[in-house]
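**Q** Got a structure for you, questions after.
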Amino acid sequence: MSKKVKDFGIEKTLKNLGIKDENKGTSTGGKYFASGKILESYSPVDGNLIAKVKTSGISDYDKVIETAEKAFKEFRLIPAPKRGEIVRQLGQKLRQYKDDLGKLVSYEMGKSLQEGLGEVQEMIDICDFAVGVSRQLHGYTMHSERPGHRMYEQYHPLGIVGIITAFNFPVAVWSWNTALAWICGNVTIWKPSEKTPLCAVACQNIMNEVLKENNLPEGISSVMVADHEIGQRLVDDKRIALVSFTGSTRVGRMVSTSVAQRFGKSILELGGNNAIIISKDADIDMSIIGAVFGAVGTAGQRCTSTRRLIIHESVYDEVKNRLAKAYGQLKIGNPLDESNHVGPLIDTDAVNMYQEAIKKGKKEGAKFVVEGEVLKGKGYESGCYVKPCIAEVQNSYEIVQHETFAPILYLIKYSTLEEAVAIQNDVPQGLSSAIMTQNLREAELFLSHAGSDCGIANVNIGTSGAEIGGAFGGEKETGGGRESGSDVWKYYMRRQTNTINYTASLPLAQGIKFDL
Ligand code: UN1
C-alpha cells in the first residue's frame with residue numbers, strides 16, 4: 001500500500017470495514033467464497049491498487065440462488081414489522097460505520113468525501129423510512145356487488161430480488177432496493193459494479209453482522225462480485241422474481257428485454273439528460289449555485305447531474321459570464337481533501353468518453369465558454385482528473401441528446417417558457433428537471449401536464465440530490481422504474497385480490513344465473 005493511501009487514513013478505514021488485501025467476492029450472509037477470476041480495484045484518486053477480489057463463478061452463482069430460495073421460505077414467515085426491526089438495526093450499524101464507509105466510497109469511486117458521507121446518509125434515511133413502511137403494507141378494501149361478500153387486496157412478497165447497481169452510487173442504490181425488498185419479505189442478491197467491488201464487500205460485511213446478531217439464516221442478503229456473464233445469468237433466471245437495474249440505457253434495454261421474455265418484473269433506472277430552465281424571473285445567485293453543483297458534483301457522474309441549462313435570452317449573458325467565473329474558482333483534486341470541489345472520473349475509459357464528447361461537440365458546432373482538459377502533473381497521476389467545461393450548443397446536436405457521464409455543461413438560449421419546456425422535453429431521457437423562477441405562473445406551468453415530462457420536476461432546486469422520501473426514477477429512456485420512497489414498496493410485492501362469501505348461497509357476479 002502506498003504512502004499516499006496511508007496519508008488519508010485509508011488503511012484504517014479498510015481494516016474497520018473488514019476489507020483485506022485479497023478478498024473473496026461471494027457471501028450469502030456468512031463466510032465468503034469464490035471460484036472466479038481476480039478483480040483488482042484501483043482508486044481513481046491516486047491510481048493505487050486498493051485491494052483484490054476473487055469474483056463469483058458459475059458454481060458460486062448456483063449456490064447463492066439455492067441458499068436464497070431456501071431463505072425466502074423462512075424469511076417470508078417473519079412478520080413485516082419484525083423484518084423492519086432487522087432494517088432498523090442495519091440503519092444503526094450504518095450510523096456507526098458512516099465515516100469509514102463514506103471514505104471508502106470517496107476513495108474507490110472518486111466522489112468528494114462530503115458526497116460519500118451523503119450517500120451513506122441516504123442509506124440511513126432509507127432504513128428509517130423502510131422501518132415505518134414495514135407497518136404500512138396496506139391494500140384497499142372494496143364493497144362487493146354481491147350481498148354477504150367482502151373484497152379486499154393484499155400484498156405478498158415476490159421471492160428473490162436481484163439488484164444490479166452502477167459505480168456512481170456504489171452503496172446507496174443497493175440500500176434503497178434492499179431495505180424495501182426485505183421489509184416486503186423478499187431476499188436479495190446484489191451484483192455490484194465491477195468498478196466498485198470493495199464498497200459492496202463492505203456493505204455485505206455490515207449486513208452480515210446484523211444477520212449474525214439476529215440468528216437469521218444465510219440467503220437473506222447475498223452479494224456476488226461478478227462479471228457481466230453472471231449478471232446476464234441473473235437477468236435470465238426465472239428464479240429471480242424482480243430485477244432492479246441501475247445503469248446505462250443501452251444495457252438497460254437488454255436487461256428489460258431479457259426479463260420481459262420470461263415475464264419477470266424489472267425496475268429500471270437508466271440514463272438522464274437533465275436540464276435546469278433559468279427564467280428571466282430567476283434568483284440568479286441561487287441558479288448559479290444550483291447549476292454548478294448539479295453539473296460538477298460527483299464530477300458529472302450522477303444520473304441526475306445537470307447536463308443542460310436552458311437560459312432566458314434576457315439573462316443569458318449574465319448567467320454565462322457568472323458560470324465561467326465560478327468554474328474558474330473550482331478546485332479539482334483529491335476528493336478526500338475537503339478543500340477540493342471536484343474529484344476524478346471513475347477511470348481512464350470515462351476520461352476518453354469525456355474527450356470524445358468534447359471533440360464531437362466541437363465538430364457539431366459547440367462553442368466552448370470554458371474549455372475542457374485532461375489534467376496532468378502532481379496530484380493527477382491517476383490520469384482520471386478532468387476540467388469541468390461549458391459549451392454553447394443547440395439542443396438538437398447529437399452529443400447534447402446523449403448522456404455523457406462527465407462534467408460537460410451545455411448552454412441553450414430561449415425566449416418563451418413554452419419554448420424552454422419544449423427544449424427541456426426534447427431529449428430521449430426523462431429523469432430529472434428543474435426551473436429557477438420566482439414567478440408562480442411559470443413554476444406551475446412547468447409542473448403541469450403541459451410542463452416537464454420527467455419523473456422528477458423541481459422548482460428553485462437543482463436536478464440532483466433528491467431526498468429518499470419521494471419515488472425516484474424517470475420516464476422515456478430512463479426506463480420508467482421508481483425506487484426508494486412513497487409507495488414504491490408495491491414494486492417489491494405481488495398484489496392479490498380476495499373475495500370472500502360469508503353467506504349460505506353462491507350468487508355469481510354480473511347477475512349470471514346458473515342453477516343446477
Ligand atoms: C444516481 O445517480 O444513480 O438525486 C442516483 C440524487 C441522488 C441519487 C442519484 N439522491 O442525485
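By convention in this document, the chains of the C-alpha cells carry letters A, B, ... by their order, each chain's residues are numbered from 1, and ligands are numbered from 1 in the order they are shown.
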Could you report the residues within 10 Å of ligand 1, using only C-alpha atoms and all ligand atoms, as a ChimeraX atom specification?
**A** /A:115,118-119,122,165-170,172-173,246-247,269-272,294,297-298,300-306,431-432,456,462-468,472-473,483-484
**Q** Could you save the residues just selected, with C-alpha atoms, as a PDB file, in the first residue's frame?
**A**
```pdb
ATOM      1  CA  GLU A 115     -20.817  13.338  -1.150  1.00  0.00           C
ATOM      2  CA  GLY A 118     -24.089  11.998   1.947  1.00  0.00           C
ATOM      3  CA  GLU A 119     -24.503   8.699   0.170  1.00  0.00           C
ATOM      4  CA  GLU A 122     -29.172   8.234   2.131  1.00  0.00           C
ATOM      5  CA  THR A 165     -26.033  -1.405  -9.394  1.00  0.00           C
ATOM      6  CA  ALA A 166     -23.741   1.130 -11.052  1.00  0.00           C
ATOM      7  CA  PHE A 167     -20.420   2.544  -9.856  1.00  0.00           C
ATOM      8  CA  ASN A 168     -21.651   6.100  -9.285  1.00  0.00           C
ATOM      9  CA  PHE A 169     -23.767   5.320  -6.217  1.00  0.00           C
ATOM     10  CA  PRO A 170     -21.908   2.222  -5.110  1.00  0.00           C
ATOM     11  CA  ALA A 172     -26.932   3.873  -1.656  1.00  0.00           C
ATOM     12  CA  VAL A 173     -28.750   2.252  -4.571  1.00  0.00           C
ATOM     13  CA  THR A 246     -29.367   0.848 -12.480  1.00  0.00           C
ATOM     14  CA  GLY A 247     -27.089   1.729 -15.368  1.00  0.00           C
ATOM     15  CA  GLU A 269     -33.222   3.363 -13.503  1.00  0.00           C
ATOM     16  CA  LEU A 270     -31.334   4.363 -16.627  1.00  0.00           C
ATOM     17  CA  GLY A 271     -29.803   7.447 -18.176  1.00  0.00           C
ATOM     18  CA  GLY A 272     -30.803  11.038 -17.586  1.00  0.00           C
ATOM     19  CA  GLY A 294     -25.617  19.924 -10.445  1.00  0.00           C
ATOM     20  CA  GLY A 297     -20.961  17.344  -8.272  1.00  0.00           C
ATOM     21  CA  THR A 298     -19.750  13.708  -8.442  1.00  0.00           C
ATOM     22  CA  GLY A 300     -20.927  14.952 -13.523  1.00  0.00           C
ATOM     23  CA  GLN A 301     -21.419  11.220 -12.927  1.00  0.00           C
ATOM     24  CA  ARG A 302     -24.837  11.244 -11.260  1.00  0.00           C
ATOM     25  CA  CYS A 303     -27.753  10.130 -13.357  1.00  0.00           C
ATOM     26  CA  THR A 304     -29.336  13.327 -12.009  1.00  0.00           C
ATOM     27  CA  SER A 305     -26.363  15.553 -12.968  1.00  0.00           C
ATOM     28  CA  THR A 306     -27.276  18.811 -14.682  1.00  0.00           C
ATOM     29  CA  LEU A 431     -35.239  11.582 -15.306  1.00  0.00           C
ATOM     30  CA  SER A 432     -34.864  14.960 -13.594  1.00  0.00           C
ATOM     31  CA  ILE A 456     -38.624  14.470 -11.126  1.00  0.00           C
ATOM     32  CA  GLY A 462     -31.228  21.792  -8.990  1.00  0.00           C
ATOM     33  CA  THR A 463     -31.727  18.468 -10.745  1.00  0.00           C
ATOM     34  CA  SER A 464     -29.663  16.290  -8.402  1.00  0.00           C
ATOM     35  CA  GLY A 465     -29.805  15.495  -4.719  1.00  0.00           C
ATOM     36  CA  ALA A 466     -33.298  14.011  -4.438  1.00  0.00           C
ATOM     37  CA  GLU A 467     -34.483  13.022  -0.949  1.00  0.00           C
ATOM     38  CA  ILE A 468     -35.277   9.353  -0.357  1.00  0.00           C
ATOM     39  CA  PHE A 472     -37.078   8.219  -7.549  1.00  0.00           C
ATOM     40  CA  GLY A 473     -36.913   7.450 -11.256  1.00  0.00           C
ATOM     41  CA  GLU A 483     -37.058   3.399  -6.323  1.00  0.00           C
ATOM     42  CA  SER A 484     -36.890   4.427  -2.644  1.00  0.00           C
TER      43      SER A 484
END
```
**Q** Just the strand (DSSP E or B) stuff from segment 277-349 of chain A, please, per backbone DSSP, written as a list in words.
**A**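 Of segment 277-349 of chain A, only Ile277, Ile278, Thr306, Arg307, Arg308, Leu309, Ile310, Ile311, His312, Ile332 and Val342 of chain A fall in strand (DSSP E or B).
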**Q** Find the spatial neighbours of Pro388 of chain A, counting only C-alpha atoms, within a cut-off of 7 Å - ignore same-chain residues fewer than 2 positions away - and output them as an mmCIF file with C-alpha atoms, in the first residue's frame.
**A**
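Produced file around15.cif, reproduced below:
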```cif
data_model
loop_
_atom_site.group_PDB
_atom_site.id
_atom_site.type_symbol
_atom_site.label_atom_id
_atom_site.label_comp_id
_atom_site.auth_asym_id
_atom_site.auth_seq_id
_atom_site.Cartn_x
_atom_site.Cartn_y
_atom_site.Cartn_z
ATOM 1 C CA VAL A 296 -19.773 19.255 -11.371
ATOM 2 C CA GLY A 372 -12.212 21.098 -21.112
ATOM 3 C CA VAL A 386 -10.615 16.450 -15.969
ATOM 4 C CA PRO A 407 -18.765 17.347 -16.204
ATOM 5 C CA ILE A 408 -19.752 18.893 -19.547
#
```
**Q** With only C-alpha atoms as the counted atoms, please give the residues lying no more than 12 Å from Gln510 of chain A, apart from itself and same-chain residues fewer than 4 positions off, as a ChimeraX atom specification.
**A** /A:144-146,514
**Q** Just to confirm, what's the straight-line distance from atom CA of Asn334 of chain A to atom CA of Ile206 of chain A in Å (one decimal)?
**A** 26.7 Å
**Q** Name the residues of segment 296-365 of chain A that fall into alpha helix (DSSP H) according to DSSP on the backbone, using the chain letters and numbers of this document, as a PyMOL selection string.
**A** chain A and resi 296+316-328+348-364
**Q** How about saving the chosen residues, N, CA, C and O atoms kept, as a tab-separated table (two decimals), in the first residue's frame?
**A**
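Contents of result_13.tsv, freshly written:
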```tsv
chain	number	residue	atom	x	y	z
A	296	VAL	N	-21.11	19.76	-11.71
A	296	VAL	CA	-19.77	19.26	-11.37
A	296	VAL	C	-19.76	18.31	-10.16
A	296	VAL	O	-18.78	17.63	-9.92
A	316	TYR	N	-29.18	35.55	-20.31
A	316	TYR	CA	-28.24	34.56	-20.86
A	316	TYR	C	-26.77	34.97	-20.65
A	316	TYR	O	-25.97	34.21	-20.11
A	317	ASP	N	-26.43	36.19	-21.06
A	317	ASP	CA	-25.02	36.61	-20.98
A	317	ASP	C	-24.56	36.71	-19.53
A	317	ASP	O	-23.44	36.29	-19.20
A	318	GLU	N	-25.45	37.22	-18.68
A	318	GLU	CA	-25.09	37.34	-17.26
A	318	GLU	C	-24.80	35.95	-16.66
A	318	GLU	O	-23.78	35.74	-16.01
A	319	VAL	N	-25.71	35.01	-16.93
A	319	VAL	CA	-25.54	33.66	-16.38
A	319	VAL	C	-24.26	33.02	-16.94
A	319	VAL	O	-23.45	32.45	-16.20
A	320	LYS	N	-24.07	33.17	-18.24
A	320	LYS	CA	-22.88	32.59	-18.89
A	320	LYS	C	-21.60	33.13	-18.25
A	320	LYS	O	-20.70	32.37	-17.88
A	321	ASN	N	-21.54	34.45	-18.08
A	321	ASN	CA	-20.32	35.05	-17.52
A	321	ASN	C	-20.09	34.64	-16.07
A	321	ASN	O	-18.96	34.36	-15.66
A	322	ARG	N	-21.18	34.60	-15.31
A	322	ARG	CA	-21.02	34.23	-13.90
A	322	ARG	C	-20.64	32.75	-13.75
A	322	ARG	O	-19.88	32.39	-12.85
A	323	LEU	N	-21.16	31.92	-14.64
A	323	LEU	CA	-20.78	30.50	-14.60
A	323	LEU	C	-19.29	30.34	-14.91
A	323	LEU	O	-18.57	29.60	-14.23
A	324	ALA	N	-18.86	31.08	-15.93
A	324	ALA	CA	-17.45	30.98	-16.33
A	324	ALA	C	-16.57	31.40	-15.16
A	324	ALA	O	-15.54	30.76	-14.88
A	325	LYS	N	-17.00	32.44	-14.44
A	325	LYS	CA	-16.23	32.91	-13.29
A	325	LYS	C	-16.22	31.83	-12.19
A	325	LYS	O	-15.18	31.51	-11.61
A	326	ALA	N	-17.39	31.27	-11.93
A	326	ALA	CA	-17.49	30.23	-10.89
A	326	ALA	C	-16.62	29.03	-11.25
A	326	ALA	O	-15.92	28.46	-10.40
A	327	TYR	N	-16.63	28.61	-12.51
A	327	TYR	CA	-15.81	27.47	-12.94
A	327	TYR	C	-14.32	27.79	-12.77
A	327	TYR	O	-13.52	26.89	-12.49
A	328	GLY	N	-13.97	29.06	-12.93
A	328	GLY	CA	-12.58	29.46	-12.74
A	328	GLY	C	-12.11	29.28	-11.30
A	328	GLY	O	-10.91	29.18	-11.03
A	348	THR	N	-9.98	5.75	-16.70
A	348	THR	CA	-9.49	6.42	-17.92
A	348	THR	C	-10.44	6.19	-19.10
A	348	THR	O	-10.45	6.99	-20.03
A	349	ASP	N	-11.25	5.13	-19.06
A	349	ASP	CA	-12.27	4.96	-20.12
A	349	ASP	C	-13.25	6.14	-20.08
A	349	ASP	O	-13.66	6.66	-21.11
A	350	ALA	N	-13.61	6.53	-18.87
A	350	ALA	CA	-14.53	7.67	-18.71
A	350	ALA	C	-13.87	8.96	-19.21
A	350	ALA	O	-14.53	9.81	-19.80
A	351	VAL	N	-12.57	9.07	-18.98
A	351	VAL	CA	-11.83	10.24	-19.48
A	351	VAL	C	-11.87	10.26	-21.01
A	351	VAL	O	-12.10	11.31	-21.63
A	352	ASN	N	-11.69	9.10	-21.62
A	352	ASN	CA	-11.76	9.03	-23.08
A	352	ASN	C	-13.13	9.45	-23.60
A	352	ASN	O	-13.23	10.16	-24.60
A	353	MET	N	-14.17	9.03	-22.89
A	353	MET	CA	-15.53	9.38	-23.33
A	353	MET	C	-15.76	10.89	-23.21
A	353	MET	O	-16.41	11.50	-24.05
A	354	TYR	N	-15.20	11.47	-22.17
A	354	TYR	CA	-15.27	12.94	-21.98
A	354	TYR	C	-14.59	13.64	-23.15
A	354	TYR	O	-15.15	14.56	-23.76
A	355	GLN	N	-13.40	13.15	-23.51
A	355	GLN	CA	-12.67	13.78	-24.61
A	355	GLN	C	-13.41	13.62	-25.94
A	355	GLN	O	-13.48	14.55	-26.74
A	356	GLU	N	-13.94	12.42	-26.15
A	356	GLU	CA	-14.70	12.13	-27.37
A	356	GLU	C	-15.91	13.07	-27.48
A	356	GLU	O	-16.20	13.60	-28.56
A	357	ALA	N	-16.60	13.25	-26.36
A	357	ALA	CA	-17.80	14.10	-26.37
A	357	ALA	C	-17.43	15.54	-26.72
A	357	ALA	O	-18.14	16.20	-27.49
A	358	ILE	N	-16.33	16.01	-26.17
A	358	ILE	CA	-15.90	17.39	-26.47
A	358	ILE	C	-15.58	17.51	-27.96
A	358	ILE	O	-15.99	18.47	-28.63
A	359	LYS	N	-14.87	16.51	-28.46
A	359	LYS	CA	-14.49	16.52	-29.88
A	359	LYS	C	-15.74	16.52	-30.77
A	359	LYS	O	-15.86	17.31	-31.70
A	360	LYS	N	-16.64	15.66	-30.43
A	360	LYS	CA	-17.87	15.53	-31.20
A	360	LYS	C	-18.67	16.84	-31.15
A	360	LYS	O	-19.19	17.31	-32.16
A	361	GLY	N	-18.76	17.40	-29.95
A	361	GLY	CA	-19.48	18.66	-29.77
A	361	GLY	C	-18.89	19.75	-30.66
A	361	GLY	O	-19.62	20.48	-31.34
A	362	LYS	N	-17.58	19.85	-30.65
A	362	LYS	CA	-16.91	20.88	-31.46
A	362	LYS	C	-17.22	20.69	-32.93
A	362	LYS	O	-17.47	21.66	-33.66
A	363	LYS	N	-17.21	19.44	-33.36
A	363	LYS	CA	-17.48	19.13	-34.76
A	363	LYS	C	-18.91	19.55	-35.15
A	363	LYS	O	-19.15	19.99	-36.27
A	364	GLU	N	-19.81	19.42	-34.17
A	364	GLU	CA	-21.20	19.79	-34.46
A	364	GLU	C	-21.44	21.29	-34.34
A	364	GLU	O	-22.53	21.76	-34.67
```
**Q** Show me, as a short mmCIF file (atom, residue, chain, number, x, y, z; two decimals) with N, CA, C and O atoms, in the first residue's frame, the residues that have an atom within 6 Å of segment 107-111 of chain A when counting only C-alpha atoms, minus same-chain residues fewer than 2 positions from it.
**A**
```cif
data_model
loop_
_atom_site.label_atom_id
_atom_site.label_comp_id
_atom_site.auth_asym_id
_atom_site.auth_seq_id
_atom_site.Cartn_x
_atom_site.Cartn_y
_atom_site.Cartn_z
N SER A 43 -7.93 2.81 -7.23
CA SER A 43 -8.59 4.06 -6.89
C SER A 43 -8.36 5.10 -7.99
O SER A 43 -7.21 5.31 -8.41
N PRO A 44 -9.43 5.77 -8.44
CA PRO A 44 -9.23 6.85 -9.40
C PRO A 44 -8.58 8.07 -8.75
O PRO A 44 -8.14 8.98 -9.44
N VAL A 45 -8.54 8.06 -7.42
CA VAL A 45 -7.99 9.21 -6.69
C VAL A 45 -6.48 9.31 -6.92
O VAL A 45 -5.96 10.37 -7.27
N LEU A 104 -14.55 5.20 2.14
CA LEU A 104 -14.28 4.17 1.13
C LEU A 104 -14.98 4.52 -0.19
O LEU A 104 -14.39 4.36 -1.28
N VAL A 105 -16.22 4.99 -0.11
CA VAL A 105 -16.94 5.39 -1.32
C VAL A 105 -16.13 6.46 -2.05
O VAL A 105 -15.91 6.39 -3.26
N THR A 298 -20.08 15.08 -8.02
CA THR A 298 -19.75 13.71 -8.44
C THR A 298 -19.09 13.72 -9.84
O THR A 298 -19.20 12.77 -10.61
N GLY A 343 -13.60 15.86 -7.82
CA GLY A 343 -12.66 14.74 -7.81
C GLY A 343 -12.47 14.18 -9.22
O GLY A 343 -12.85 14.82 -10.20
N PRO A 344 -11.92 12.98 -9.29
CA PRO A 344 -11.65 12.37 -10.60
C PRO A 344 -12.88 11.72 -11.21
O PRO A 344 -13.87 11.49 -10.52
N ILE A 346 -14.32 8.12 -12.89
CA ILE A 346 -14.13 6.77 -12.34
C ILE A 346 -12.89 6.06 -12.90
O ILE A 346 -12.20 5.35 -12.19
#
```
**Q** Could you state the separation of atom CA of Met493 of chain A and atom CA of Val235 of chain A in Å, given to one decimal place?
**A**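 So the answer is 18.3 Å.
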**Q** Neighbours of Lys82 of chain A within 10 Å (only C-alpha atoms; same-chain residues fewer than 3 positions away dropped), as a ChimeraX atom specification?
**A** /A:78-79,85-88,131,134-135,183
**Q** In Å, how far is it from atom CA of Arg95 of chain A to atom CA of Phe129 of chain A?
**A**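 For atom CA of Arg95 of chain A relative to atom CA of Phe129 of chain A, the distance reads 14.7 Å.
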**Q** Can you list, as a VMD selection string, every protein, DNA or RNA residue that comes within 12 Å of Val315 of chain A when you count only C-alpha atoms, leaving out same-chain residues fewer than 5 positions away?
**A** chain A and resid 277 to 284 287 to 288 310 320 to 322 412 to 415
**Q** Save the residues we just selected, C-alpha atoms, as a PDB file, in the first residue's frame?
**A**
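Output contents, as saved in result.pdb:
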```
ATOM      1  CA  ILE A 277     -34.505  26.234 -17.007  1.00  0.00           C
ATOM      2  CA  ILE A 278     -33.208  29.600 -15.779  1.00  0.00           C
ATOM      3  CA  SER A 279     -36.022  32.052 -16.307  1.00  0.00           C
ATOM      4  CA  LYS A 280     -35.972  35.820 -16.633  1.00  0.00           C
ATOM      5  CA  ASP A 281     -37.510  35.805 -13.127  1.00  0.00           C
ATOM      6  CA  ALA A 282     -34.880  33.524 -11.584  1.00  0.00           C
ATOM      7  CA  ASP A 283     -32.836  34.343  -8.498  1.00  0.00           C
ATOM      8  CA  ILE A 284     -29.525  34.319 -10.359  1.00  0.00           C
ATOM      9  CA  SER A 287     -29.322  29.480 -10.019  1.00  0.00           C
ATOM     10  CA  ILE A 288     -25.536  29.630 -10.286  1.00  0.00           C
ATOM     11  CA  ILE A 310     -31.885  26.419 -20.797  1.00  0.00           C
ATOM     12  CA  LYS A 320     -22.881  32.590 -18.886  1.00  0.00           C
ATOM     13  CA  ASN A 321     -20.319  35.050 -17.521  1.00  0.00           C
ATOM     14  CA  ARG A 322     -21.020  34.230 -13.904  1.00  0.00           C
ATOM     15  CA  ILE A 412     -29.069  26.774 -24.692  1.00  0.00           C
ATOM     16  CA  LYS A 413     -30.922  30.099 -25.135  1.00  0.00           C
ATOM     17  CA  TYR A 414     -34.728  30.522 -25.141  1.00  0.00           C
ATOM     18  CA  SER A 415     -37.251  33.311 -25.459  1.00  0.00           C
TER      19      SER A 415
END
```
**Q** Mind dumping a table of every segment 221-310 of chain A residue within 12 Å of segment 35-38 of chain A, with the nearest atom pair and its distance in Å to one decimal, using only C-alpha atoms, sorted by chain and rising number, as a tab-separated table?
**A**
```
residue	atom	partner	partner_atom	distance
A:Met224	CA	A:Gly36	CA	10.5
A:Val225	CA	A:Gly36	CA	9.4
A:Ala226	CA	A:Gly36	CA	7.9
A:Asp227	CA	A:Gly36	CA	9.2
A:Glu229	CA	A:Gly36	CA	11.3
A:Ile230	CA	A:Gly36	CA	10.3
```
**Q** Could you check the closest approach to Ala291 of chain A for each of A:Met207, A:Leu158, A:Ala434, A:Ile163 and tell me which residue wins, using only C-alpha atoms?
**A**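 Distance minimum relative to Ala291 of chain A lands on A:Ala434.
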**Q** Hey, which of A:Gly132, A:Gly9, A:Gly18, A:Gly430 ends up closest to Glu403 of chain A? Count only C-alpha atoms.
**A** A:Gly430
